[in-house]
file protein.cif (mmCIF, C-alpha atoms)
data_final
#
loop_
_atom_site.label_atom_id
_atom_site.label_comp_id
_atom_site.auth_asym_id
_atom_site.auth_seq_id
_atom_site.Cartn_x
_atom_site.Cartn_y
_atom_site.Cartn_z
CA MET A 28 0.24 14.97 -7.14
CA GLU A 29 -0.68 11.41 -7.97
CA ARG A 30 -4.29 10.36 -7.61
CA ALA A 31 -5.50 7.79 -5.09
CA LYS A 32 -5.25 4.21 -6.24
CA ILE A 33 -8.20 2.86 -8.16
CA LYS A 34 -9.42 -0.33 -6.56
CA ILE A 35 -10.72 -2.91 -8.97
CA LEU A 36 -12.70 -6.04 -8.25
CA SER A 37 -12.13 -8.61 -10.97
CA ILE A 38 -14.69 -11.36 -11.50
CA GLU A 39 -12.70 -13.49 -13.88
CA PRO A 40 -12.63 -17.29 -14.03
CA SER A 41 -9.78 -17.32 -16.56
CA ASP A 42 -6.22 -17.05 -15.17
CA LEU A 43 -4.97 -15.94 -18.54
CA LEU A 44 -7.42 -13.09 -18.93
CA TYR A 45 -6.97 -11.96 -15.34
CA GLU A 46 -3.17 -11.94 -15.54
CA GLY A 47 -3.23 -10.16 -18.89
CA LEU A 48 -5.57 -7.45 -17.71
CA LYS A 49 -3.80 -6.95 -14.39
CA ASN A 50 -0.31 -6.79 -15.86
CA SER A 51 -1.41 -4.47 -18.58
CA LEU A 52 -2.93 -2.04 -16.10
CA LEU A 53 -0.11 -2.28 -13.56
CA LYS A 54 2.44 -1.57 -16.24
CA SER A 55 0.59 1.62 -17.13
CA GLY A 56 2.45 3.00 -14.10
CA LEU A 57 -0.81 4.39 -12.66
CA GLY A 58 -2.01 3.11 -9.32
CA TYR A 59 -4.36 0.14 -9.34
CA LEU A 60 -5.22 -2.37 -6.67
CA PHE A 61 -6.72 -5.67 -7.74
CA ILE A 62 -8.81 -8.16 -5.86
CA ARG A 63 -9.66 -11.22 -7.89
CA THR A 64 -12.65 -13.51 -7.58
CA THR A 65 -13.66 -16.22 -10.01
CA SER A 66 -17.46 -16.12 -9.70
CA LEU A 67 -20.28 -13.66 -9.10
CA LYS A 68 -20.90 -15.30 -5.73
CA GLU A 69 -17.30 -14.73 -4.60
CA GLY A 70 -17.50 -11.22 -6.00
CA GLU A 71 -20.56 -10.55 -3.85
CA GLU A 72 -18.62 -11.60 -0.74
CA ALA A 73 -15.72 -9.30 -1.65
CA LEU A 74 -18.12 -6.37 -2.13
CA LYS A 75 -19.46 -6.87 1.39
CA GLU A 76 -15.99 -6.51 2.82
CA GLN A 77 -14.33 -3.80 0.77
CA ARG A 78 -15.03 -0.68 -1.24
CA PHE A 79 -14.17 -0.73 -4.92
CA HIS A 80 -14.22 1.84 -7.68
CA CYS A 81 -15.20 -0.61 -10.36
CA VAL A 82 -15.86 -4.24 -11.12
CA ILE A 83 -14.49 -5.85 -14.27
CA VAL A 84 -16.54 -8.91 -15.11
CA ASN A 85 -16.13 -11.73 -17.54
CA PRO A 86 -19.70 -11.95 -18.94
CA ALA A 87 -19.42 -15.75 -18.79
CA ALA A 88 -19.61 -15.37 -15.01
CA ILE A 89 -23.09 -13.83 -15.18
CA TYR A 90 -24.85 -16.14 -17.63
CA ASN A 91 -28.10 -17.18 -15.95
CA ARG A 92 -27.23 -14.92 -13.03
CA VAL A 93 -28.58 -11.61 -14.24
CA PRO A 94 -30.98 -11.22 -11.27
CA GLN A 95 -28.03 -11.54 -8.87
CA LEU A 96 -26.11 -8.96 -10.87
CA GLN A 97 -29.09 -6.58 -10.80
CA LYS A 98 -29.35 -7.02 -7.05
CA LEU A 99 -25.67 -6.10 -6.62
CA LYS A 100 -26.09 -3.08 -8.86
CA ARG A 101 -28.96 -1.89 -6.67
CA LEU A 102 -26.94 -2.47 -3.49
CA TYR A 103 -23.79 -0.73 -4.74
CA LYS A 104 -25.12 2.17 -6.72
CA ASP A 105 -21.84 4.09 -7.07
CA LEU A 106 -19.97 1.12 -8.44
CA HIS A 107 -19.05 0.94 -12.13
CA TRP A 108 -19.56 -2.37 -13.91
CA ILE A 109 -17.31 -3.14 -16.85
CA ALA A 110 -17.60 -6.19 -19.08
CA LEU A 111 -14.41 -7.78 -20.41
CA LEU A 112 -15.39 -9.06 -23.85
CA HIS A 113 -13.56 -12.14 -25.03
CA SER A 114 -16.11 -13.61 -27.45
CA LEU A 115 -19.47 -12.75 -28.97
CA ILE A 116 -21.84 -11.76 -26.18
CA GLU A 117 -25.61 -11.28 -26.31
CA PRO A 118 -26.23 -7.55 -26.66
CA GLU A 119 -28.97 -7.69 -23.95
CA LEU A 120 -26.38 -8.86 -21.45
CA LEU A 121 -24.17 -5.88 -22.16
CA LEU A 122 -26.96 -3.47 -21.22
CA HIS A 123 -26.16 -4.25 -17.58
CA PHE A 124 -22.69 -2.74 -17.86
CA ASN A 125 -21.47 0.85 -17.85
CA THR A 126 -18.89 0.07 -20.49
CA THR A 127 -16.95 -2.76 -22.10
CA LEU A 128 -13.31 -3.67 -22.59
CA SER A 129 -12.25 -5.74 -25.55
CA LEU A 130 -9.30 -8.11 -25.83
CA TYR A 131 -8.18 -5.96 -28.72
CA ASP A 132 -8.21 -2.66 -26.82
CA SER A 133 -4.79 -1.08 -26.39
CA ARG A 134 -3.47 -0.49 -22.88
CA GLN A 135 -4.15 3.21 -23.39
CA GLU A 136 -7.78 2.57 -24.33
CA ILE A 137 -8.31 0.30 -21.32
CA VAL A 138 -6.73 2.83 -18.98
CA GLU A 139 -8.80 5.66 -20.40
CA LYS A 140 -12.06 3.77 -19.96
CA ILE A 141 -11.31 2.79 -16.37
CA GLU A 142 -9.93 6.18 -15.38
CA GLY A 143 -12.82 7.96 -17.08
CA LEU A 144 -15.44 5.95 -15.24
CA SER A 145 -13.74 5.63 -11.91
CA LEU A 146 -12.74 9.22 -11.49
CA ARG A 147 -16.09 10.62 -12.60
CA LYS A 148 -18.02 9.31 -9.64
CA ALA A 149 -15.08 8.28 -7.57
CA THR A 150 -15.07 7.42 -3.89
CA PRO A 151 -11.49 8.27 -2.90
CA PRO A 152 -11.04 10.74 -0.09
CA THR A 153 -11.36 14.40 -0.84
CA PRO A 154 -9.92 16.93 1.57
CA LYS A 155 -13.13 18.95 1.78
CA GLU A 156 -15.25 16.13 3.10
CA GLU A 157 -16.28 16.89 6.66
CA LEU A 158 -17.43 14.49 9.32
CA THR A 159 -21.17 14.29 9.88
CA GLU A 160 -22.55 14.92 13.37
CA ARG A 161 -23.05 11.18 13.83
CA GLU A 162 -19.46 10.47 12.81
CA LYS A 163 -18.25 13.12 15.27
CA ASP A 164 -20.28 11.41 18.05
CA ILE A 165 -18.74 8.08 17.19
CA LEU A 166 -15.26 9.56 17.09
CA LYS A 167 -15.70 10.98 20.60
CA HIS A 168 -16.76 7.57 21.90
CA LEU A 169 -13.86 5.86 20.16
CA ILE A 170 -11.37 8.21 21.74
CA LYS A 171 -12.88 7.51 25.16
CA GLY A 172 -11.96 3.89 24.51
CA ASP A 173 -15.45 2.53 23.83
CA SER A 174 -15.64 -0.64 21.76
CA ASN A 175 -17.81 -0.92 18.66
CA ARG A 176 -20.34 -2.91 20.68
CA THR A 177 -20.48 -0.35 23.51
CA ILE A 178 -20.92 2.48 21.01
CA SER A 179 -23.70 0.62 19.25
CA GLN A 180 -25.51 0.17 22.57
CA LYS A 181 -25.04 3.76 23.68
CA LEU A 182 -26.18 5.22 20.38
CA ASN A 183 -28.79 2.55 19.74
CA ILE A 184 -27.42 1.55 16.34
CA SER A 185 -26.07 -1.72 15.00
CA VAL A 186 -22.41 -2.71 15.28
CA HIS A 187 -22.34 -2.86 11.49
CA THR A 188 -23.37 0.80 11.34
CA VAL A 189 -20.65 1.75 13.82
CA VAL A 190 -18.07 -0.04 11.67
CA SER A 191 -19.39 1.70 8.59
CA HIS A 192 -19.09 5.11 10.32
CA ARG A 193 -15.56 4.25 11.40
CA LYS A 194 -14.60 3.49 7.82
CA ASN A 195 -16.03 6.84 6.74
CA ILE A 196 -14.10 8.65 9.47
CA ALA A 197 -10.85 7.01 8.32
CA ARG A 198 -11.61 7.75 4.68
CA LYS A 199 -12.46 11.39 5.25
CA THR A 200 -9.65 12.24 7.67
CA GLY A 201 -7.01 9.93 6.23
CA ILE A 202 -6.36 8.82 9.84
CA LYS A 203 -6.84 5.33 11.18
CA SER A 204 -5.07 4.89 14.52
CA LEU A 205 -6.84 5.93 17.71
CA PRO A 206 -4.05 8.12 19.15
CA ALA A 207 -3.88 10.06 15.89
CA LEU A 208 -7.68 10.36 15.78
CA ALA A 209 -7.54 11.85 19.28
CA ILE A 210 -5.12 14.51 18.02
CA TYR A 211 -7.38 15.09 15.03
CA ALA A 212 -10.34 15.60 17.38
CA ILE A 213 -8.34 18.27 19.23
CA THR A 214 -7.14 20.05 16.08
CA SER A 215 -10.71 20.17 14.79
CA LYS A 216 -12.03 21.33 18.18
CA LEU A 217 -14.19 18.31 18.80
CA LEU A 218 -12.28 17.86 22.04
CA PRO A 219 -10.68 20.53 24.24
CA LEU A 220 -6.92 20.74 24.49
CA GLU A 221 -6.37 19.98 28.15
CA MET B 7 3.66 4.45 -4.85
CA ASN B 8 2.92 4.25 -8.55
CA HIS B 9 4.50 6.94 -10.64
CA PRO B 10 3.17 7.79 -14.05
CA ASN B 11 5.64 7.93 -16.91
CA LYS B 12 8.52 6.16 -15.21
CA ILE B 13 10.24 3.66 -17.45
CA PHE B 14 9.91 -0.07 -16.98
CA VAL B 15 13.46 -1.15 -16.07
CA ILE B 16 15.13 -3.74 -18.29
CA PRO B 17 18.82 -4.82 -18.23
CA SER B 18 19.91 -2.56 -21.10
CA VAL B 19 18.67 0.67 -19.48
CA ASN B 20 21.46 3.11 -18.71
CA MET B 21 21.85 3.36 -14.94
CA TYR B 22 22.52 7.09 -14.92
CA ARG B 23 19.43 7.73 -17.01
CA LEU B 24 17.41 5.73 -14.52
CA ILE B 25 18.74 7.77 -11.57
CA ASP B 26 18.26 11.03 -13.42
CA GLU B 27 14.65 10.15 -14.11
CA ASN B 28 13.92 8.94 -10.60
CA PRO B 29 16.51 10.13 -8.06
CA ARG B 30 14.96 7.89 -5.41
CA ILE B 31 16.72 5.03 -7.17
CA LEU B 32 19.77 6.36 -5.27
CA LEU B 33 18.14 5.06 -2.11
CA MET B 34 17.91 1.65 -3.71
CA LEU B 35 21.63 1.77 -4.54
CA GLU B 36 22.42 2.80 -0.96
CA HIS B 37 20.36 -0.07 0.41
CA PHE B 38 22.34 -2.41 -1.86
CA GLN B 39 25.50 -0.57 -0.71
CA ILE B 40 26.42 0.44 -4.25
CA ASP B 41 28.30 3.66 -4.92
CA PHE B 42 26.50 6.28 -7.03
CA ARG B 43 29.34 6.66 -9.55
CA VAL B 44 27.74 4.40 -12.10
CA GLY B 45 29.49 5.88 -15.14
CA GLU B 46 27.96 4.55 -18.32
CA LEU B 47 27.02 1.15 -16.93
CA SER B 48 23.70 -0.35 -17.82
CA VAL B 49 21.45 -1.85 -15.17
CA GLY B 50 22.52 -5.36 -16.16
CA GLU B 51 26.22 -4.48 -16.09
CA LEU B 52 25.95 -2.86 -12.69
CA ALA B 53 24.14 -5.88 -11.22
CA GLN B 54 26.86 -8.14 -12.63
CA LYS B 55 29.67 -5.89 -11.34
CA GLU B 56 28.15 -5.95 -7.86
CA SER B 57 27.47 -9.71 -8.01
CA LEU B 58 23.77 -9.15 -7.47
CA SER B 59 20.96 -11.28 -8.83
CA LEU B 60 19.77 -9.47 -11.96
CA PRO B 61 16.09 -10.47 -11.57
CA LEU B 62 16.16 -9.19 -7.99
CA PHE B 63 17.85 -5.93 -8.96
CA LEU B 64 15.35 -5.41 -11.80
CA ASP B 65 12.34 -6.21 -9.61
CA ILE B 66 13.39 -3.79 -6.90
CA ALA B 67 14.31 -1.06 -9.40
CA ASN B 68 10.89 -1.54 -10.96
CA LEU B 69 9.24 -1.25 -7.55
CA TYR B 70 10.93 2.15 -7.21
CA ASN B 71 9.46 3.02 -10.60
CA GLY B 72 5.98 1.87 -9.66
CA TYR B 73 5.79 -1.60 -11.22
CA HIS B 74 5.04 -4.70 -9.20
CA PRO B 75 7.02 -7.89 -9.73
CA GLU B 76 5.42 -10.92 -11.34
CA GLU B 77 3.45 -13.03 -8.89
CA ARG B 78 5.45 -16.13 -9.73
CA ARG B 79 9.08 -15.08 -9.53
CA PRO B 80 11.66 -17.74 -10.39
CA PHE B 81 12.78 -19.59 -7.25
CA ASN B 82 16.32 -18.56 -6.42
CA PRO B 83 17.38 -19.28 -2.80
CA GLY B 84 20.66 -17.48 -3.47
CA GLU B 85 18.74 -14.18 -3.46
CA LEU B 86 17.82 -14.53 0.19
CA LEU B 87 21.08 -13.10 1.57
CA GLN B 88 20.93 -10.18 -0.84
CA ILE B 89 17.32 -9.39 0.07
CA ILE B 90 18.04 -9.50 3.78
CA ALA B 91 21.12 -7.30 3.37
CA PHE B 92 19.01 -4.82 1.37
CA LEU B 93 16.32 -4.75 4.06
CA THR B 94 18.80 -4.45 6.92
CA HIS B 95 20.54 -1.51 5.27
CA SER B 96 17.24 0.20 4.71
CA HIS B 97 16.47 -0.26 8.43
CA THR B 98 19.71 1.59 9.19
CA TYR B 99 18.68 4.42 6.87
CA TYR B 100 15.29 4.74 8.61
CA LYS B 101 16.75 4.52 12.09
CA ILE B 102 19.77 6.76 11.70
CA GLU B 103 18.71 9.23 9.07
CA LYS B 104 14.95 9.52 8.66
CA TYR B 105 13.98 9.32 12.30
CA SER B 106 16.35 12.06 13.41
CA GLU B 107 15.51 14.23 10.38
CA ILE B 108 11.74 14.05 10.90
CA GLY B 109 12.02 14.22 14.68
CA GLU B 110 14.17 17.35 14.50
CA LEU B 111 11.84 19.08 12.04
CA ILE B 112 8.76 18.42 14.17
CA SER B 113 10.65 19.51 17.27
CA GLN B 114 11.70 22.72 15.51
CA LEU B 115 8.12 23.32 14.39
CA ASN B 116 7.03 22.83 17.97
CA SER B 117 9.52 25.30 19.40
CA ASN B 118 8.92 27.88 16.64
CA THR B 119 5.14 27.84 16.93
CA GLY B 120 4.70 27.01 20.59
CA ASP B 121 1.52 25.26 19.49
CA ARG B 122 0.59 22.49 21.91
CA ARG B 123 -1.09 20.53 19.16
CA VAL B 124 2.29 20.22 17.41
CA LYS B 125 3.66 18.92 20.69
CA LEU B 126 0.98 16.20 20.62
CA VAL B 127 2.02 15.21 17.11
CA GLU B 128 5.64 15.14 18.23
CA GLU B 129 4.74 12.77 21.04
CA PHE B 130 2.72 10.62 18.65
CA PHE B 131 5.63 10.46 16.21
CA ASP B 132 8.08 9.54 18.99
CA SER B 133 5.85 6.77 20.26
CA TYR B 134 5.23 5.62 16.68
CA PHE B 135 8.92 5.44 15.99
CA LYS B 136 9.54 3.38 19.10
CA GLU B 137 7.12 0.83 17.62
CA VAL B 138 9.01 1.00 14.33
CA LEU B 139 12.29 0.32 16.12
CA ASP B 140 10.73 -2.61 17.97
CA HIS B 141 9.52 -4.02 14.68
CA PHE B 142 12.93 -3.67 13.05
CA GLN B 143 14.51 -5.32 16.04
CA TYR B 144 12.01 -8.18 15.78
CA GLU B 145 12.89 -8.58 12.11
CA GLU B 146 16.62 -8.48 12.70
CA LYS B 147 16.61 -10.72 15.79
CA VAL B 148 13.79 -13.15 15.00
CA ALA B 149 12.52 -13.06 11.44
CA PHE B 150 15.72 -12.68 9.43
CA PRO B 151 17.69 -15.35 11.38
CA TYR B 152 14.72 -17.67 10.90
CA PHE B 153 14.71 -17.03 7.14
CA LEU B 154 18.46 -17.61 6.94
CA SER B 155 18.15 -20.81 8.92
CA LEU B 156 15.87 -22.11 6.17
CA LEU B 157 18.81 -22.03 3.77
CA GLU B 158 20.57 -24.61 5.88
CA LYS B 159 17.66 -26.10 7.85
CA ARG B 160 19.32 -25.29 11.13
CA GLU B 161 17.73 -26.21 14.42
CA GLU B 162 16.25 -22.74 15.13
CA SER B 163 14.03 -22.95 12.05
CA VAL B 164 12.04 -25.55 13.94
CA THR B 165 11.96 -23.74 17.26
CA SER B 166 11.63 -20.17 15.97
CA THR B 167 8.91 -17.95 17.38
CA PHE B 168 8.52 -16.33 13.99
CA SER B 169 4.99 -15.77 12.76
CA ALA B 170 4.32 -14.71 9.19
CA LYS B 171 0.94 -13.33 10.23
CA GLU B 172 2.44 -11.15 12.96
CA TYR B 173 5.12 -10.04 10.53
CA ARG B 174 2.52 -8.79 8.06
CA LEU B 175 0.29 -7.13 10.68
CA ASN B 176 3.22 -5.19 12.11
CA HIS B 177 4.03 -3.86 8.71
CA SER B 178 0.62 -2.58 7.81
CA ASP B 179 0.42 -0.86 11.21
CA ILE B 180 3.72 0.92 10.60
CA GLU B 181 2.56 2.30 7.29
CA THR B 182 -0.86 3.28 8.65
CA LYS B 183 0.58 5.32 11.49
CA LEU B 184 3.08 7.06 9.24
CA ALA B 185 0.19 8.10 6.99
CA ASP B 186 -1.56 9.35 10.15
CA VAL B 187 1.43 11.56 11.03
CA LYS B 188 1.48 12.97 7.51
CA ASN B 189 -2.25 13.61 7.46
CA LEU B 190 -2.17 15.33 10.84
CA LEU B 191 0.73 17.58 9.93
CA ILE B 192 -0.31 18.46 6.42
CA ARG B 193 -4.07 18.31 6.37
CA HIS B 194 -5.33 18.92 9.85
CA LEU B 195 -2.99 21.09 11.90
CA PRO B 196 -4.21 24.64 11.29
CA LEU B 197 -0.76 26.24 11.17
CA GLU B 198 -0.30 29.41 9.16
CA ASN B 199 3.42 30.14 9.30
CA GLU B 200 6.64 28.19 9.05
CA LEU B 201 6.08 27.28 5.40
CA PRO B 202 9.70 26.29 4.59
CA LEU B 203 9.84 24.13 7.71
CA ARG B 204 6.52 22.45 6.93
CA ARG B 205 7.63 21.88 3.34
CA LYS B 206 10.83 20.21 4.52
CA LEU B 207 8.81 18.10 6.90
CA PHE B 208 6.41 17.06 4.15
CA PHE B 209 9.27 16.08 1.83
CA ALA B 210 10.97 14.13 4.62
CA LEU B 211 7.77 12.29 5.51
CA GLN B 212 7.00 11.57 1.89
CA GLU B 213 10.46 10.19 1.24
CA PHE B 214 10.17 7.97 4.28
CA GLU B 215 6.67 6.81 3.26
CA TYR B 216 7.84 6.10 -0.29
CA ASP B 217 10.82 4.03 0.75
CA LEU B 218 8.92 2.24 3.50
CA ALA B 219 6.20 1.25 1.01
CA ILE B 220 8.86 -0.27 -1.24
CA HIS B 221 10.47 -1.94 1.75
CA SER B 222 7.13 -3.58 2.56
CA SER B 223 6.61 -4.58 -1.08
CA VAL B 224 10.06 -6.21 -1.17
CA GLU B 225 9.11 -8.19 1.92
CA GLU B 226 5.59 -9.07 0.76
CA MET B 227 6.19 -9.72 -2.92
CA ILE B 228 9.77 -10.94 -3.06
CA LEU B 229 10.94 -12.13 0.35
CA MET B 230 7.83 -13.89 1.66
CA PRO B 231 7.12 -15.96 -1.48
CA LEU B 232 10.77 -17.07 -1.41
CA VAL B 233 10.55 -17.97 2.28
CA THR B 234 7.29 -19.86 1.71
CA LYS B 235 8.93 -21.91 -1.04
CA LEU B 236 11.94 -22.63 1.18
CA GLU B 237 9.60 -23.79 3.94
CA GLN B 238 7.74 -26.00 1.49
CA ARG B 239 11.02 -27.44 0.28
CA TRP B 240 11.96 -28.50 3.80
CA SER B 241 8.52 -29.72 4.77
CA GLY B 242 8.49 -31.82 1.58
CA ARG B 243 11.70 -33.54 2.69
CA LYS B 244 10.48 -34.51 6.16
#
call {"tool": "encode", "arguments": {"input": "protein.cif", "output": "structure tokens"}}
result
Amino acid sequence: MERAKIKILSIEPSDLLYEGLKNSLLKSGLGYLFIRTTSLKEGEEALKEQRFHCVIVNPAAIYNRVPQLQKLKRLYKDLHWIALLHSLIEPELLLHFNTTLSLYDSRQEIVEKIEGLSLRKATPPTPKEELTEREKDILKHLIKGDSNRTISQKLNISVHTVVSHRKNIARKTGIKSLPALAIYAITSKLLPLE
Amino acid sequence: MNHPNKIFVIPSVNMYRLIDENPRILLMLEHFQIDFRVGELSVGELAQKESLSLPLFLDIANLYNGYHPEERRPFNPGELLQIIAFLTHSHTYYKIEKYSEIGELISQLNSNTGDRRVKLVEEFFDSYFKEVLDHFQYEEKVAFPYFLSLLEKREESVTSTFSAKEYRLNHSDIETKLADVKNLLIRHLPLENELPLRRKLFFALQEFEYDLAIHSSVEEMILMPLVTKLEQRWSGRK
């Protein structure tokens, strides 16, 4: 059984380095999804919108921006930060990363580092994950046809929190569409079979 | 849709070896309407024999083996007809073969178990497939004629109701709901018997999902960039 795809955020100003890294990993035949940004600022925006397993950063993108990097590391604790070394880098800067990739690493070495890190504390769905009570509440409201805003008002939580719960429901069940979620709710006895 | 250890397809690869390693390549041949008796032909020789664009044939074969095409494919308008023929034949395969196969297996599971929850999944699948058929019809009646009109800059390319955004949204919805069917049947329905039937159903769903993912990739990564360039070519001449 193949593993879930590893989703990588690349913060890489250089087209050449980005293309090289991406092609090398894609041609490994394992599953990777890439989102590319060219600065730490753009990377921050991407992190707000999507979940990633790891971020591969050109250290040139974080010169004089270490506080911003530290802030992102605090916000996204499960994320793995990998530096792509292309020249001599100050050793202090490298302390902010979980590991490094070198331009001279073989494809196998690169794959092993990314797989090793990403699968150790990975976020892909696991079949045993169960919905929390809050997620079950939200699911019931969704099936009734309530919008995110209505749910947020009824449960006295923010719309952002509702969206976040919805993402978790989809991740844990593997189901995204509402009609299928309704069937899921019946099979897991959250709703009666009428 | 990435498959460890599959070879990266180049023109000199023996076609039979490729099929033997990944039998799903047979689906690709069917969608190109190529007979399976490939003898000792290499990939390059087969593409030439069938008068197919070699870069297109290689890119699609590599998609079946889990490798994405280069972002900047060479611009070759002549590939458009071949791509659309490939996609239309794959529609026929989904409509005629996969739908009835999966529908019959779920229906059999329903009648064998008498479980009303299976009946719900059957209804969901039926309604899902109606959406799939609508989407294919939209592609065949609206999108594909619009693409072809770009080759000649016929009048309908200006008046077409085609929307690239709608085209993409429809696709992701089709794949999402298919994954929902699979997850419901395999992960969430607490059935205890009918193992051979459920196994056949899983294989059928997986084959459909696999081919549909490649179908979408062909559209997203090969067809749409070509169409965009054709549109740019015409808009540049206005």
call {"tool": "atom_distance", "arguments": {"input": "protein.cif", "atom1": "atom CA of Lys140 of chain A", "atom2": "atom CA of Gly70 of chain A"}}
result
21.2 Å
call {"tool": "resolve_selection", "arguments": {"input": "protein.cif", "expression": "the PyMOL selection byres ((chain B and resi 100-104) around 12)", "output": "ChimeraX atom specification"}}
result
/B:33,37,93-99,105-111,135-143,207,209-218,221
call {"tool": "closest_residue", "arguments": {"input": "protein.cif", "among": "A:Val186, A:Asn91, A:Leu144, A:Asn85", "to": "Ala110 of chain A", "atoms": "only C-alpha atoms"}}
result
A:Asn85
call {"tool": "interface_residues", "arguments": {"input": "protein.cif", "of": "chain A", "to": "chain B", "cutoff": "9 Å", "atoms": "only C-alpha atoms", "output": "PyMOL selection string"}}
result
chain A and resi 29+32+50+53-59+154+200-204+206-208+210-211+213-215+220
call {"tool": "residues_around", "arguments": {"input": "protein.cif", "residues": "Arg23 of chain B", "least_positions_apart": "6", "cutoff": "12 Å", "atoms": "all atoms listed in the file", "output": "PyMOL selection string"}}
result
chain B and resi 12-13+15+29+31-32+44-49
call {"tool": "write_last_selection", "arguments": {"input": "protein.cif", "atoms": "C-alpha atoms", "output": "PDB file, keeping the file's coordinate frame"}}
result
ATOM      1  CA  LYS B  12       8.520   6.160 -15.210  1.00  0.00           C
ATOM      2  CA  ILE B  13      10.240   3.660 -17.450  1.00  0.00           C
ATOM      3  CA  VAL B  15      13.460  -1.150 -16.070  1.00  0.00           C
ATOM      4  CA  PRO B  29      16.510  10.130  -8.060  1.00  0.00           C
ATOM      5  CA  ILE B  31      16.720   5.030  -7.170  1.00  0.00           C
ATOM      6  CA  LEU B  32      19.770   6.360  -5.270  1.00  0.00           C
ATOM      7  CA  VAL B  44      27.740   4.400 -12.100  1.00  0.00           C
ATOM      8  CA  GLY B  45      29.490   5.880 -15.140  1.00  0.00           C
ATOM      9  CA  GLU B  46      27.960   4.550 -18.320  1.00  0.00           C
ATOM     10  CA  LEU B  47      27.020   1.150 -16.930  1.00  0.00           C
ATOM     11  CA  SER B  48      23.700  -0.350 -17.820  1.00  0.00           C
ATOM     12  CA  VAL B  49      21.450  -1.850 -15.170  1.00  0.00           C
TER      13      VAL B  49
END
call {"tool": "resolve_selection", "arguments": {"input": "protein.cif", "expression": "the PyMOL selection byres ((chain B and resi 90) around 12)", "output": "count of residues only"}}
result
33
call {"tool": "residues_around", "arguments": {"input": "protein.cif", "residues": "Ser37 of chain A", "least_positions_apart": "5", "cutoff": "8 Å", "atoms": "all atoms listed in the file", "output": "list in words"}}
result
Tyr45, Phe61, Ile62, Arg63, Thr64, Thr65, Gly70, Val82, Ile83 and Val84 of chain A
call {"tool": "atom_distance", "arguments": {"input": "protein.cif", "atom1": "atom CA of Ile196 of chain A", "atom2": "atom CA of Lys206 of chain B"}}
result
27.9 Å
call {"tool": "closest_residue", "arguments": {"input": "protein.cif", "among": "A:Ala88, A:His113, A:Ile165, A:His123", "to": "Thr188 of chain A", "atoms": "all atoms listed in the file"}}
result
A:Ile165
call {"tool": "atom_distance", "arguments": {"input": "protein.cif", "atom1": "atom CA of Leu43 of chain A", "atom2": "atom CA of Glu226 of chain B"}}
result
23.0 Å
call {"tool": "residues_around", "arguments": {"input": "protein.cif", "residues": "segment 46-48 of chain A", "least_positions_apart": "6", "cutoff": "9 Å", "atoms": "all atoms listed in the file", "output": "CSV table (one decimal) with C-alpha atoms, in the coordinates of the input"}}
result
chain,number,residue,atom,x,y,z
A,130,LEU,CA,-9.3,-8.1,-25.8
A,134,ARG,CA,-3.5,-0.5,-22.9
A,137,ILE,CA,-8.3,0.3,-21.3
